[in-house]
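Shown here: data.pdb, PDB, C-alpha atoms and all ligand atoms.
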```
ATOM      1  CA  MET E 536      48.926  97.909 -95.261
ATOM      2  CA  ARG E 537      46.488 100.720 -94.491
ATOM      3  CA  ASP E 538      47.336 102.260 -97.899
ATOM      4  CA  ARG E 539      45.119  99.637 -99.429
ATOM      5  CA  ARG E 540      42.651  98.740 -96.666
ATOM      6  CA  SER E 541      41.504 101.240 -94.065
ATOM      7  CA  TRP E 542      40.350 100.197 -90.616
ATOM      8  CA  ARG E 543      36.809 101.142 -91.698
ATOM      9  CA  GLN E 544      37.016  98.476 -94.394
ATOM     10  CA  THR E 545      38.319  95.876 -91.957
ATOM     11  CA  ARG E 546      36.146  92.875 -91.120
ATOM     12  CA  ALA E 547      37.411  91.292 -87.913
ATOM     13  CA  LEU E 548      36.707  88.413 -85.550
ATOM     14  CA  VAL E 549      38.044  88.741 -81.991
ATOM     15  CA  THR E 550      38.075  85.712 -79.663
ATOM     16  CA  GLY E 551      38.091  86.279 -75.913
ATOM     17  CA  ALA E 552      36.326  89.599 -76.521
ATOM     18  CA  SER E 553      34.269  89.338 -73.329
ATOM     19  CA  SER E 554      37.195  90.343 -71.092
ATOM     20  CA  GLY E 555      40.694  91.751 -70.782
ATOM     21  CA  LEU E 556      42.939  92.042 -73.831
ATOM     22  CA  GLY E 557      40.412  90.686 -76.350
ATOM     23  CA  ARG E 558      37.798  93.122 -75.174
ATOM     24  CA  ALA E 559      40.257  96.040 -75.418
ATOM     25  CA  ILE E 560      41.299  95.012 -78.952
ATOM     26  CA  ALA E 561      37.654  94.623 -80.056
ATOM     27  CA  GLU E 562      36.773  98.026 -78.610
ATOM     28  CA  ASP E 563      39.765  99.670 -80.287
ATOM     29  CA  LEU E 564      38.840  98.096 -83.639
ATOM     30  CA  VAL E 565      35.216  99.236 -83.376
ATOM     31  CA  ARG E 566      36.319 102.771 -82.477
ATOM     32  CA  ARG E 567      38.552 102.785 -85.574
ATOM     33  CA  GLY E 568      35.440 101.943 -87.600
ATOM     34  CA  ALA E 569      36.023  98.226 -88.255
ATOM     35  CA  LYS E 570      33.141  95.766 -88.428
ATOM     36  CA  VAL E 571      33.767  93.298 -85.620
ATOM     37  CA  VAL E 572      32.372  89.969 -84.429
ATOM     38  CA  LEU E 573      33.026  89.621 -80.697
ATOM     39  CA  THR E 574      33.092  86.120 -79.263
ATOM     40  CA  GLY E 575      33.528  84.519 -75.840
ATOM     41  CA  ARG E 576      31.395  82.196 -73.722
ATOM     42  CA  SER E 577      29.703  84.896 -71.652
ATOM     43  CA  LEU E 578      26.814  86.365 -73.649
ATOM     44  CA  ALA E 579      26.094  88.839 -70.835
ATOM     45  CA  ARG E 580      29.623  90.274 -70.919
ATOM     46  CA  LEU E 581      29.714  90.400 -74.723
ATOM     47  CA  GLU E 582      26.374  92.230 -74.793
ATOM     48  CA  ALA E 583      27.524  94.659 -72.103
ATOM     49  CA  THR E 584      30.650  95.458 -74.173
ATOM     50  CA  ALA E 585      28.584  95.929 -77.345
ATOM     51  CA  ALA E 586      26.034  98.130 -75.537
ATOM     52  CA  GLU E 587      28.795 100.350 -74.169
ATOM     53  CA  LEU E 588      30.345 100.717 -77.624
ATOM     54  CA  ILE E 589      26.980 101.580 -79.164
ATOM     55  CA  ARG E 590      26.266 104.098 -76.382
ATOM     56  CA  GLY E 591      29.666 105.603 -77.243
ATOM     57  CA  GLY E 592      28.549 106.157 -80.844
ATOM     58  CA  ALA E 593      29.405 102.890 -82.625
ATOM     59  CA  ASP E 594      27.145 101.790 -85.467
ATOM     60  CA  PRO E 595      25.147  98.763 -84.117
ATOM     61  CA  GLU E 596      25.564  97.097 -87.550
ATOM     62  CA  ARG E 597      29.328  97.016 -86.977
ATOM     63  CA  VAL E 598      29.302  95.386 -83.530
ATOM     64  CA  ILE E 599      28.194  91.754 -83.688
ATOM     65  CA  VAL E 600      27.993  89.506 -80.668
ATOM     66  CA  ALA E 601      28.341  85.724 -81.160
ATOM     67  CA  PRO E 602      28.854  83.626 -78.012
ATOM     68  CA  ALA E 603      30.766  80.351 -78.347
ATOM     69  CA  ASP E 604      32.777  77.934 -76.274
ATOM     70  CA  LEU E 605      35.743  77.575 -78.608
ATOM     71  CA  THR E 606      36.636  74.148 -77.244
ATOM     72  CA  VAL E 607      33.347  72.816 -78.676
ATOM     73  CA  GLN E 608      33.283  72.099 -82.413
ATOM     74  CA  ALA E 609      29.513  72.749 -82.785
ATOM     75  CA  ASP E 610      30.006  76.183 -81.211
ATOM     76  CA  ARG E 611      32.890  76.950 -83.560
ATOM     77  CA  ASP E 612      30.791  75.857 -86.557
ATOM     78  CA  ARG E 613      27.953  78.143 -85.451
ATOM     79  CA  LEU E 614      30.371  81.016 -84.869
ATOM     80  CA  PHE E 615      31.861  80.760 -88.356
ATOM     81  CA  GLU E 616      28.376  80.596 -89.923
ATOM     82  CA  THR E 617      27.645  83.906 -88.188
ATOM     83  CA  VAL E 618      30.949  85.382 -89.342
ATOM     84  CA  ARG E 619      30.250  84.358 -92.940
ATOM     85  CA  ASP E 620      26.660  85.666 -92.813
ATOM     86  CA  ARG E 621      27.529  88.986 -91.204
ATOM     87  CA  LEU E 622      31.015  89.748 -92.576
ATOM     88  CA  GLY E 623      31.274  87.704 -95.780
ATOM     89  CA  ALA E 624      35.057  87.382 -95.350
ATOM     90  CA  LEU E 625      37.720  88.098 -92.748
ATOM     91  CA  ASP E 626      40.501  90.659 -93.031
ATOM     92  CA  LEU E 627      41.647  90.219 -89.425
ATOM     93  CA  LEU E 628      41.354  87.308 -87.012
ATOM     94  CA  VAL E 629      42.402  88.052 -83.437
ATOM     95  CA  ASN E 630      43.015  84.587 -81.988
ATOM     96  CA  ASN E 631      43.256  85.692 -78.371
ATOM     97  CA  ALA E 632      41.102  83.554 -76.025
ATOM     98  CA  GLY E 633      43.183  81.815 -73.395
ATOM     99  CA  VAL E 634      43.447  80.743 -69.772
ATOM    100  CA  GLY E 635      46.154  80.519 -67.151
ATOM    101  CA  ALA E 636      46.993  77.974 -64.450
ATOM    102  CA  THR E 637      49.374  78.561 -61.557
ATOM    103  CA  GLY E 638      50.981  76.186 -59.097
ATOM    104  CA  GLN E 639      53.494  73.404 -59.321
ATOM    105  CA  PHE E 640      53.001  70.807 -62.047
ATOM    106  CA  ASP E 641      53.575  67.794 -59.784
ATOM    107  CA  THR E 642      50.796  68.923 -57.425
ATOM    108  CA  HIS E 643      48.225  69.296 -60.229
ATOM    109  CA  ASP E 644      45.832  66.693 -61.606
ATOM    110  CA  ALA E 645      46.174  65.660 -65.254
ATOM    111  CA  TRP E 646      43.032  67.568 -66.267
ATOM    112  CA  VAL E 647      44.782  70.928 -65.692
ATOM    113  CA  LEU E 648      47.258  70.283 -68.513
ATOM    114  CA  ARG E 649      44.446  68.998 -70.773
ATOM    115  CA  ARG E 650      42.184  71.985 -70.073
ATOM    116  CA  VAL E 651      44.904  74.589 -70.611
ATOM    117  CA  PHE E 652      45.935  72.998 -73.914
ATOM    118  CA  GLU E 653      42.284  72.562 -74.929
ATOM    119  CA  ILE E 654      41.745  76.327 -74.871
ATOM    120  CA  ASN E 655      45.166  77.878 -75.441
ATOM    121  CA  PHE E 656      46.297  75.507 -78.146
ATOM    122  CA  PHE E 657      43.666  73.187 -79.671
ATOM    123  CA  ALA E 658      40.843  75.766 -79.769
ATOM    124  CA  MET E 659      43.250  78.418 -81.132
ATOM    125  CA  ALA E 660      44.470  76.000 -83.830
ATOM    126  CA  GLU E 661      40.947  74.923 -84.829
ATOM    127  CA  VAL E 662      39.766  78.533 -84.953
ATOM    128  CA  SER E 663      42.673  79.193 -87.340
ATOM    129  CA  ARG E 664      41.686  76.215 -89.505
ATOM    130  CA  ALA E 665      38.027  77.244 -89.587
ATOM    131  CA  ALA E 666      38.962  80.839 -90.421
ATOM    132  CA  LEU E 667      41.182  79.951 -93.383
ATOM    133  CA  PRO E 668      38.476  80.043 -96.104
ATOM    134  CA  LEU E 669      37.225  83.426 -94.841
ATOM    135  CA  LEU E 670      40.732  84.866 -94.436
ATOM    136  CA  SER E 671      41.599  83.666 -97.943
ATOM    137  CA  GLU E 672      38.771  85.846 -99.245
ATOM    138  CA  GLY E 673      39.866  88.836 -97.133
ATOM    139  CA  VAL E 674      41.791  91.914 -98.168
ATOM    140  CA  GLU E 675      45.400  91.810 -96.928
ATOM    141  CA  PRO E 676      44.354  89.245 -94.358
ATOM    142  CA  THR E 677      46.141  88.986 -91.016
ATOM    143  CA  MET E 678      45.870  86.569 -88.125
ATOM    144  CA  LEU E 679      47.012  87.957 -84.785
ATOM    145  CA  VAL E 680      47.742  85.209 -82.257
ATOM    146  CA  MET E 681      48.095  86.052 -78.580
ATOM    147  CA  GLY E 682      51.292  84.497 -77.292
ATOM    148  CA  SER E 683      53.024  85.380 -74.048
ATOM    149  CA  ILE E 684      56.459  86.019 -72.587
ATOM    150  CA  ASN E 685      55.900  82.405 -71.438
ATOM    151  CA  ALA E 686      55.876  81.424 -75.109
ATOM    152  CA  ARG E 687      59.582  82.322 -75.237
ATOM    153  CA  ARG E 688      60.732  81.514 -71.678
ATOM    154  CA  GLY E 689      59.022  78.881 -69.539
ATOM    155  CA  LEU E 690      58.274  79.969 -65.983
ATOM    156  CA  PRO E 691      58.125  77.798 -62.869
ATOM    157  CA  GLY E 692      54.678  77.761 -61.287
ATOM    158  CA  ARG E 693      53.261  78.075 -64.814
ATOM    159  CA  VAL E 694      54.357  74.826 -66.415
ATOM    160  CA  GLU E 695      51.085  73.955 -68.173
ATOM    161  CA  TYR E 696      50.582  77.527 -69.348
ATOM    162  CA  SER E 697      54.190  77.924 -70.577
ATOM    163  CA  ALA E 698      54.006  74.615 -72.449
ATOM    164  CA  SER E 699      50.745  75.645 -74.131
ATOM    165  CA  LYS E 700      52.187  78.997 -75.206
ATOM    166  CA  PHE E 701      55.388  77.377 -76.534
ATOM    167  CA  ALA E 702      53.060  75.196 -78.619
ATOM    168  CA  VAL E 703      51.399  78.393 -79.858
ATOM    169  CA  SER E 704      54.808  79.785 -80.933
ATOM    170  CA  GLY E 705      55.667  76.613 -82.852
ATOM    171  CA  PHE E 706      52.277  76.644 -84.535
ATOM    172  CA  VAL E 707      52.603  80.298 -85.526
ATOM    173  CA  GLU E 708      56.171  79.983 -86.766
ATOM    174  CA  SER E 709      55.389  77.073 -89.077
ATOM    175  CA  LEU E 710      51.943  78.174 -90.219
ATOM    176  CA  ARG E 711      53.267  81.651 -91.101
ATOM    177  CA  ILE E 712      55.303  80.092 -93.894
ATOM    178  CA  GLU E 713      52.529  77.727 -95.052
ATOM    179  CA  TRP E 714      49.931  80.491 -95.279
ATOM    180  CA  ARG E 715      52.148  82.765 -97.368
ATOM    181  CA  ARG E 716      50.642  80.965-100.361
ATOM    182  CA  TYR E 717      47.246  82.402 -99.371
ATOM    183  CA  GLY E 718      48.691  85.859 -98.737
ATOM    184  CA  ILE E 719      47.798  85.636 -95.034
ATOM    185  CA  HIS E 720      50.158  87.351 -92.612
ATOM    186  CA  ILE E 721      50.556  85.970 -89.066
ATOM    187  CA  LEU E 722      51.590  88.085 -86.097
ATOM    188  CA  GLN E 723      52.365  86.841 -82.586
ATOM    189  CA  VAL E 724      51.854  89.277 -79.713
ATOM    190  CA  ASN E 725      53.600  88.570 -76.406
ATOM    191  CA  PRO E 726      52.145  90.941 -73.802
ATOM    192  CA  GLY E 727      53.878  91.284 -70.468
ATOM    193  CA  PHE E 728      51.847  91.245 -67.272
ATOM    194  CA  SER E 729      48.684  93.192 -68.107
ATOM    195  CA  ALA E 730      45.905  94.475 -65.883
ATOM    196  CA  THR E 731      43.156  91.963 -66.732
ATOM    197  CA  PRO E 732      41.223  89.369 -64.682
ATOM    198  CA  PHE E 733      43.504  86.668 -66.169
ATOM    199  CA  ASP E 734      44.582  85.362 -62.725
ATOM    200  CA  GLU E 735      41.032  85.232 -61.355
ATOM    201  CA  ASN E 736      39.956  83.274 -64.444
ATOM    202  CA  ALA E 737      42.792  80.728 -64.201
ATOM    203  CA  VAL E 738      41.642  77.102 -64.272
ATOM    204  CA  VAL E 739      43.663  76.428 -61.123
ATOM    205  CA  LYS E 740      45.508  78.784 -58.765
ATOM    206  CA  THR E 741      47.737  77.175 -56.192
ATOM    207  CA  ALA E 742      50.603  79.683 -56.346
ATOM    208  CA  ARG E 743      51.191  81.099 -52.884
ATOM    209  CA  VAL E 744      52.141  84.581 -53.956
ATOM    210  CA  SER E 745      50.040  86.705 -56.256
ATOM    211  CA  VAL E 746      51.624  88.673 -59.096
ATOM    212  CA  ALA E 747      48.622  91.034 -59.147
ATOM    213  CA  ASP E 748      50.899  93.992 -58.318
ATOM    214  CA  TRP E 749      52.927  93.320 -61.466
ATOM    215  CA  ARG E 750      49.838  93.579 -63.679
ATOM    216  CA  THR E 751      50.327  97.220 -64.507
ATOM    217  CA  THR E 752      50.081  97.448 -68.322
ATOM    218  CA  PRO E 753      46.583  98.652 -69.245
ATOM    219  CA  PRO E 754      44.826  96.368 -71.774
ATOM    220  CA  GLU E 755      44.212  99.443 -73.948
ATOM    221  CA  ALA E 756      47.988  99.904 -74.310
ATOM    222  CA  VAL E 757      48.368  96.261 -75.396
ATOM    223  CA  ALA E 758      45.513  96.740 -77.894
ATOM    224  CA  ALA E 759      47.093  99.884 -79.373
ATOM    225  CA  ALA E 760      50.508  98.188 -79.700
ATOM    226  CA  ALA E 761      48.935  95.075 -81.238
ATOM    227  CA  LEU E 762      47.022  97.053 -83.877
ATOM    228  CA  ARG E 763      50.124  99.113 -84.644
ATOM    229  CA  ALA E 764      51.949  95.816 -85.234
ATOM    230  CA  VAL E 765      49.122  94.680 -87.553
ATOM    231  CA  GLU E 766      49.555  97.878 -89.564
ATOM    232  CA  LYS E 767      53.320  97.406 -89.764
ATOM    233  CA  LYS E 768      53.015  93.708 -90.653
ATOM    234  CA  LYS E 769      55.287  92.726 -87.766
ATOM    235  CA  ARG E 770      55.989  89.021 -87.269
ATOM    236  CA  GLU E 771      56.173  89.170 -83.494
ATOM    237  CA  ILE E 772      56.123  91.803 -80.789
ATOM    238  CA  THR E 773      57.083  91.461 -77.132
ATOM    239  CA  LEU E 774      55.741  94.105 -74.793
ATOM    240  CA  THR E 775      56.968  95.644 -71.517
ATOM    241  CA  GLY E 776      60.585  96.362 -70.605
ATOM    242  CA  LYS E 777      60.686  93.467 -68.105
ATOM    243  CA  GLY E 778      59.288  91.062 -70.685
ATOM    244  CA  ARG E 779      61.798  92.058 -73.354
ATOM    245  CA  LEU E 780      64.655  91.884 -70.838
ATOM    246  CA  LEU E 781      63.682  88.376 -69.742
ATOM    247  CA  VAL E 782      63.496  87.104 -73.338
ATOM    248  CA  LEU E 783      66.826  88.744 -74.200
ATOM    249  CA  ALA E 784      68.588  87.521 -71.038
ATOM    250  CA  ASN E 785      67.278  84.020 -71.687
ATOM    251  CA  ARG E 786      68.702  84.038 -75.197
ATOM    252  CA  PHE E 787      72.234  84.910 -74.071
ATOM    253  CA  LEU E 788      72.359  83.883 -70.387
ATOM    254  CA  PRO E 789      69.911  81.017 -69.944
ATOM    255  CA  ARG E 790      71.721  79.579 -66.897
ATOM    256  CA  PHE E 791      71.585  82.939 -65.159
ATOM    257  CA  VAL E 792      67.847  83.132 -65.845
ATOM    258  CA  ASP E 793      67.442  79.558 -64.496
ATOM    259  CA  TRP E 794      69.245  80.640 -61.329
ATOM    260  CA  GLY E 795      67.102  83.768 -60.932
ATOM    261  CA  LEU E 796      63.895  81.840 -61.507
ATOM    262  CA  SER E 797      64.960  79.168 -58.997
ATOM    263  CA  ARG E 798      65.222  81.857 -56.327
ATOM    264  CA  TRP E 799      61.856  83.235 -57.432
ATOM    265  CA  LEU E 800      60.361  79.753 -57.135
ATOM    266  CA  LEU E 801      61.730  79.374 -53.618
ATOM    267  CA  ARG E 802      59.958  82.540 -52.606
ATOM    268  CA  HIS E 803      56.691  81.444 -54.226
ATOM    269  CA  PHE E 804      56.746  77.824 -53.078
ATOM    270  CA  PRO E 805      58.835  77.585 -49.902
ATOM    271  CA  ASP E 806      58.034  73.867 -49.553
ATOM    272  CA  SER E 807      58.990  73.075 -53.136
ATOM    273  CA  PRO E 808      59.885  69.362 -53.082
ATOM    274  CA  ALA E 809      61.957  69.722 -56.252
ATOM    275  CA  LEU E 810      64.096  72.448 -54.720
ATOM    276  CA  ARG E 811      64.366  70.776 -51.329
ATOM    277  CA  ARG E 812      66.153  67.882 -52.965
ATOM    278  CA  GLY E 813      69.813  68.210 -52.037
ATOM    279  CA  LYS E 814      69.160  71.242 -49.822
ATOM    280  CA  PRO E 815      68.352  71.273 -46.114
ATOM    281  CA  ARG E 816      64.752  72.399 -45.481
ATOM    282  CA  GLN E 817      65.770  75.296 -43.213
ATOM    283  CA  GLN E 818      67.849  76.777 -46.055
ATOM    284  CA  VAL E 819      64.702  76.879 -48.195
ATOM    285  CA  GLY E 820      62.802  78.580 -45.398
ATOM    286  CA  ARG E 821      65.516  81.244 -45.046
ATOM    287  CA  VAL E 822      65.295  82.241 -48.702
ATOM    288  CA  SER E 823      61.525  82.584 -48.532
TER     289      SER E 823
HETATM  290  N1  LIG P 901      46.875  89.430 -68.963
HETATM  291  C1  LIG P 901      48.142  89.114 -69.138
HETATM  292  O1  LIG P 901      49.010  89.545 -68.385
HETATM  293  C2  LIG P 901      48.562  88.244 -70.298
HETATM  294  C3  LIG P 901      49.937  88.099 -70.521
HETATM  295  C4  LIG P 901      50.356  87.307 -71.573
HETATM  296  C5  LIG P 901      49.427  86.686 -72.397
HETATM  297  N2  LIG P 901      48.101  86.842 -72.162
HETATM  298  C6  LIG P 901      47.176  86.148 -73.070
HETATM  299  O2  LIG P 901      46.190  87.050 -73.505
HETATM  300  C7  LIG P 901      44.986  86.351 -73.804
HETATM  301  C8  LIG P 901      43.816  87.042 -73.111
HETATM  302  O3  LIG P 901      44.028  87.007 -71.708
HETATM  303  P1  LIG P 901      43.406  88.117 -70.737
HETATM  304  O4  LIG P 901      44.496  88.610 -69.884
HETATM  305  O5  LIG P 901      42.595  89.075 -71.501
HETATM  306  O6  LIG P 901      42.496  87.180 -69.809
HETATM  307  P2  LIG P 901      40.931  87.242 -69.472
HETATM  308  O7  LIG P 901      40.544  88.611 -69.092
HETATM  309  O8  LIG P 901      40.698  86.137 -68.514
HETATM  310  O9  LIG P 901      40.246  86.891 -70.884
HETATM  311  C9  LIG P 901      40.245  85.599 -71.407
HETATM  312  C10 LIG P 901      39.217  85.530 -72.518
HETATM  313  O10 LIG P 901      39.229  84.209 -73.069
HETATM  314  C11 LIG P 901      37.885  83.756 -73.180
HETATM  315  N3  LIG P 901      37.790  82.306 -73.053
HETATM  316  C12 LIG P 901      38.323  81.524 -72.077
HETATM  317  N4  LIG P 901      37.965  80.244 -72.270
HETATM  318  C13 LIG P 901      37.204  80.211 -73.382
HETATM  319  C14 LIG P 901      36.530  79.183 -74.102
HETATM  320  N5  LIG P 901      36.554  77.915 -73.701
HETATM  321  N6  LIG P 901      35.819  79.527 -75.208
HETATM  322  C15 LIG P 901      35.768  80.808 -75.621
HETATM  323  N7  LIG P 901      36.382  81.828 -74.994
HETATM  324  C16 LIG P 901      37.092  81.533 -73.885
HETATM  325  C17 LIG P 901      37.164  84.446 -72.020
HETATM  326  O11 LIG P 901      35.789  84.567 -72.304
HETATM  327  P3  LIG P 901      34.601  83.807 -71.511
HETATM  328  O12 LIG P 901      35.033  83.652 -70.084
HETATM  329  O13 LIG P 901      33.420  84.674 -71.723
HETATM  330  O14 LIG P 901      34.524  82.529 -72.233
HETATM  331  C18 LIG P 901      37.807  85.813 -72.018
HETATM  332  O15 LIG P 901      37.154  86.665 -72.924
HETATM  333  C19 LIG P 901      45.226  84.908 -73.372
HETATM  334  O16 LIG P 901      45.575  84.135 -74.505
HETATM  335  C20 LIG P 901      46.415  85.009 -72.432
HETATM  336  O17 LIG P 901      47.160  83.813 -72.389
HETATM  337  C21 LIG P 901      47.637  87.597 -71.123
END
```
Produce structure tokens that represent the structure in this file.
Ligand SMILES: NC(=O)c1ccc[n+]([C@@H]2O[C@H](COP(=O)([O-])OP(=O)(O)OC[C@H]3O[C@@H](n4cnc5c(N)ncnc54)[C@H](OP(=O)(O)O)[C@@H]3O)[C@@H](O)[C@H]2O)c1
Amino acid sequence: MRDRRSWRQTRALVTGASSGLGRAIAEDLVRRGAKVVLTGRSLARLEATAAELIRGGADPERVIVAPADLTVQADRDRLFETVRDRLGALDLLVNNAGVGATGQFDTHDAWVLRRVFEINFFAMAEVSRAALPLLSEGVEPTMLVMGSINARRGLPGRVEYSASKFAVSGFVESLRIEWRRYGIHILQVNPGFSATPFDENAVVKTARVSVADWRTTPPEAVAAAALRAVEKKKREITLTGKGRLLVLANRFLPRFVDWGLSRWLLRHFPDSPALRRGKPRQQVGRVS
């Protein structure tokens, strides 16, 4: 791909660029010389990222900040006007913004499911739709969509999030074929647990045990792997050994994975009503 279009010639839009993985990808792109529109809701955090990049030597003309709440159509319209004005066309869309939610589904109000889908799925899909005319005018255009290990194996305690990411996978898989007629390539990136404020920013957090200690992969490593996959025109990448193992085990030994995750759930939610059914309560307590 880079034979024909260098990173310096790349015009990119990165959603969720105010934090975590999106921020790391935007920074990496700018350092490679791409012209990048960074979006997120927090203007302050976007401006701080841009200022740091410019202090580090980036050309201010190539770092464009455009705040938007992607769940709001008027904001999306304004964002894409900015992208058209400043970039003219898009060679790379990084459709990354997303939120988590932890805790058991039956203890959550209905709005949790709606909110998670609103951002992770509907906003992502509408950003894709709005980007199509600009991507169609791009050079070797690519859309990178941020999936998750949860897009390939649902996890207990993350029902809403897993469902939203499975929806992302279905969307990507079907749209990839449809958009071949425009010459647009679509890549899904499934990062494992990465060291970002993802858990703090979750819309609801009722899990009893934190997985903060598992968040060891630096966002910069995810960014580097994601951009390598863009260069190689990969369809999908799954990062971290644990993540790949889980997806593989689930493909061949789904019942074993169910069993393992049931034990994990018992440790995280010792009073799990679903698991108590048919089991004496003290047995649940012993496992936890
Ligand atoms: N970290 C992980 O371990 C991990 C693992 C697998 C997948 N992922 C996926 O990676 C993506 C990024 O997550 P992260 O870890 O970088 O989390 P993060 O640090 O919390 O970043 C989330 C980003 O999404 C933006 N965002 C949230 N709601 C938005 C809205 N309504 N409109 C516009 N932007 C919005 C946030 O910006 P504002 O708050 O400024 O709006 C922020 O920039 C997500 O899709 C997530 O599902 C993360």
- Item | Residues within 12 Å of Gly689 of chain E, all atoms listed in the file, excluding chain neighbours under 3 positions, as a ChimeraX atom specification | /E:683-686,692-702,781-782,785,789,792-793,796
Write the residues of the preceding selection, restricted to C-alpha atoms, as a PDB file, keeping the file's coordinate frame.
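What landed in out.pdb:
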```
ATOM      1  CA  SER E 683      53.024  85.380 -74.048  1.00  0.00           C
ATOM      2  CA  ILE E 684      56.459  86.019 -72.587  1.00  0.00           C
ATOM      3  CA  ASN E 685      55.900  82.405 -71.438  1.00  0.00           C
ATOM      4  CA  ALA E 686      55.876  81.424 -75.109  1.00  0.00           C
ATOM      5  CA  GLY E 692      54.678  77.761 -61.287  1.00  0.00           C
ATOM      6  CA  ARG E 693      53.261  78.075 -64.814  1.00  0.00           C
ATOM      7  CA  VAL E 694      54.357  74.826 -66.415  1.00  0.00           C
ATOM      8  CA  GLU E 695      51.085  73.955 -68.173  1.00  0.00           C
ATOM      9  CA  TYR E 696      50.582  77.527 -69.348  1.00  0.00           C
ATOM     10  CA  SER E 697      54.190  77.924 -70.577  1.00  0.00           C
ATOM     11  CA  ALA E 698      54.006  74.615 -72.449  1.00  0.00           C
ATOM     12  CA  SER E 699      50.745  75.645 -74.131  1.00  0.00           C
ATOM     13  CA  LYS E 700      52.187  78.997 -75.206  1.00  0.00           C
ATOM     14  CA  PHE E 701      55.388  77.377 -76.534  1.00  0.00           C
ATOM     15  CA  ALA E 702      53.060  75.196 -78.619  1.00  0.00           C
ATOM     16  CA  LEU E 781      63.682  88.376 -69.742  1.00  0.00           C
ATOM     17  CA  VAL E 782      63.496  87.104 -73.338  1.00  0.00           C
ATOM     18  CA  ASN E 785      67.278  84.020 -71.687  1.00  0.00           C
ATOM     19  CA  PRO E 789      69.911  81.017 -69.944  1.00  0.00           C
ATOM     20  CA  VAL E 792      67.847  83.132 -65.845  1.00  0.00           C
ATOM     21  CA  ASP E 793      67.442  79.558 -64.496  1.00  0.00           C
ATOM     22  CA  LEU E 796      63.895  81.840 -61.507  1.00  0.00           C
TER      23      LEU E 796
END
```
- Note on the structure: Using only C-alpha atoms and all ligand atoms, the shortest atom-to-atom distance to ligand LIG 901 (chain P) among E:Glu562, E:Asp604, E:Glu587, E:Asp748 belongs to E:Asp604
- Task: Please indicate the distance in Å from atom CA of Arg802 of chain E to atom CA of Leu774 of chain E, rounded to one decimal place.
- Result: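 Result for atom CA of Arg802 of chain E versus atom CA of Leu774 of chain E: 25.4 Å, one decimal.
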- Query: ligand LIG 901 (chain P): which residues are within 8 Å, counting all atoms listed in the file, as a ChimeraX atom specification?
  - Reply: /E:550-558,574-578,580-581,602-607,630-635,653-655,658,681-685,696,700,725-737,750,752,754
Can you find the residues with an atom no farther than 6 Å from (54.5, 91.2, -80.9), counting only C-alpha atoms, and report them as a PDB file with C-alpha atoms, keeping the file's coordinate frame?
```pdb
ATOM      1  CA  GLN E 723      52.365  86.841 -82.586  1.00  0.00           C
ATOM      2  CA  VAL E 724      51.854  89.277 -79.713  1.00  0.00           C
ATOM      3  CA  ASN E 725      53.600  88.570 -76.406  1.00  0.00           C
ATOM      4  CA  GLU E 771      56.173  89.170 -83.494  1.00  0.00           C
ATOM      5  CA  ILE E 772      56.123  91.803 -80.789  1.00  0.00           C
ATOM      6  CA  THR E 773      57.083  91.461 -77.132  1.00  0.00           C
TER       7      THR E 773
END
```
- Task: Report the residues retrieved by the PyMOL selection byres (((chain E and resi 539-543) around 12) and not hetatm) from the displayed file, expressed as a PyMOL selection string.
- Result: chain E and resi 536-538+544-547+563-571+593-594+597+626-627+673-677+762-763+765-766
Extending 4 Å beyond the listed atoms of segment 765-784 of chain E on each side, what axis-aligned box results? I want centre and edge lengths in Å to one decimal, as lines of an AutoDock Vina configuration file.
```
center_x = 58.9
center_y = 92.5
center_z = -79.4
size_x = 27.5
size_y = 18.8
size_z = 30.5
```
- Message: Which residues are close to segment 612-620 of chain E, i.e. within 8 Å by all atoms listed in the file, leaving aside same-chain residues fewer than 3 positions away? Reply as a list in words.
- Response: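 Listing them by chain and then by number gives Leu548, Val572, Ala601, Pro602, Ala603, Gln608, Ala609, Gly623, Ala624, Ala665, Ala666 and Leu669 of chain E.
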- Task: Fewer than 2 positions away in the same chain doesn't count, so skip those; otherwise give me all residues within 12 Å of Glu708 of chain E, counting all atoms listed in the file, as an NGL selection string.
- Result: :E and (680 or 682 or 686 or 701-706 or 710-715 or 720-723 or 770-771)
Keeping only C-alpha atoms, write the selected residues to a file as a short mmCIF file (atom, residue, chain, number, x, y, z; two decimals), keeping the file's coordinate frame.
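Final output, again_29.cif:
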```cif
data_model
loop_
_atom_site.label_atom_id
_atom_site.label_comp_id
_atom_site.auth_asym_id
_atom_site.auth_seq_id
_atom_site.Cartn_x
_atom_site.Cartn_y
_atom_site.Cartn_z
CA VAL E 680 47.74 85.21 -82.26
CA GLY E 682 51.29 84.50 -77.29
CA ALA E 686 55.88 81.42 -75.11
CA PHE E 701 55.39 77.38 -76.53
CA ALA E 702 53.06 75.20 -78.62
CA VAL E 703 51.40 78.39 -79.86
CA SER E 704 54.81 79.78 -80.93
CA GLY E 705 55.67 76.61 -82.85
CA PHE E 706 52.28 76.64 -84.54
CA LEU E 710 51.94 78.17 -90.22
CA ARG E 711 53.27 81.65 -91.10
CA ILE E 712 55.30 80.09 -93.89
CA GLU E 713 52.53 77.73 -95.05
CA TRP E 714 49.93 80.49 -95.28
CA ARG E 715 52.15 82.76 -97.37
CA HIS E 720 50.16 87.35 -92.61
CA ILE E 721 50.56 85.97 -89.07
CA LEU E 722 51.59 88.08 -86.10
CA GLN E 723 52.36 86.84 -82.59
CA ARG E 770 55.99 89.02 -87.27
CA GLU E 771 56.17 89.17 -83.49
#
```
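Our summary of the geometry notes that atom CA of Leu780 of chain E is positioned 15.4 Å from atom CA of Trp794 of chain E.
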- Message: Counting only C-alpha atoms, which residue out of E:Val647, E:Pro691, E:Leu783, E:Ile560 sits closest to Leu801 of chain E?
- Response: E:Pro691
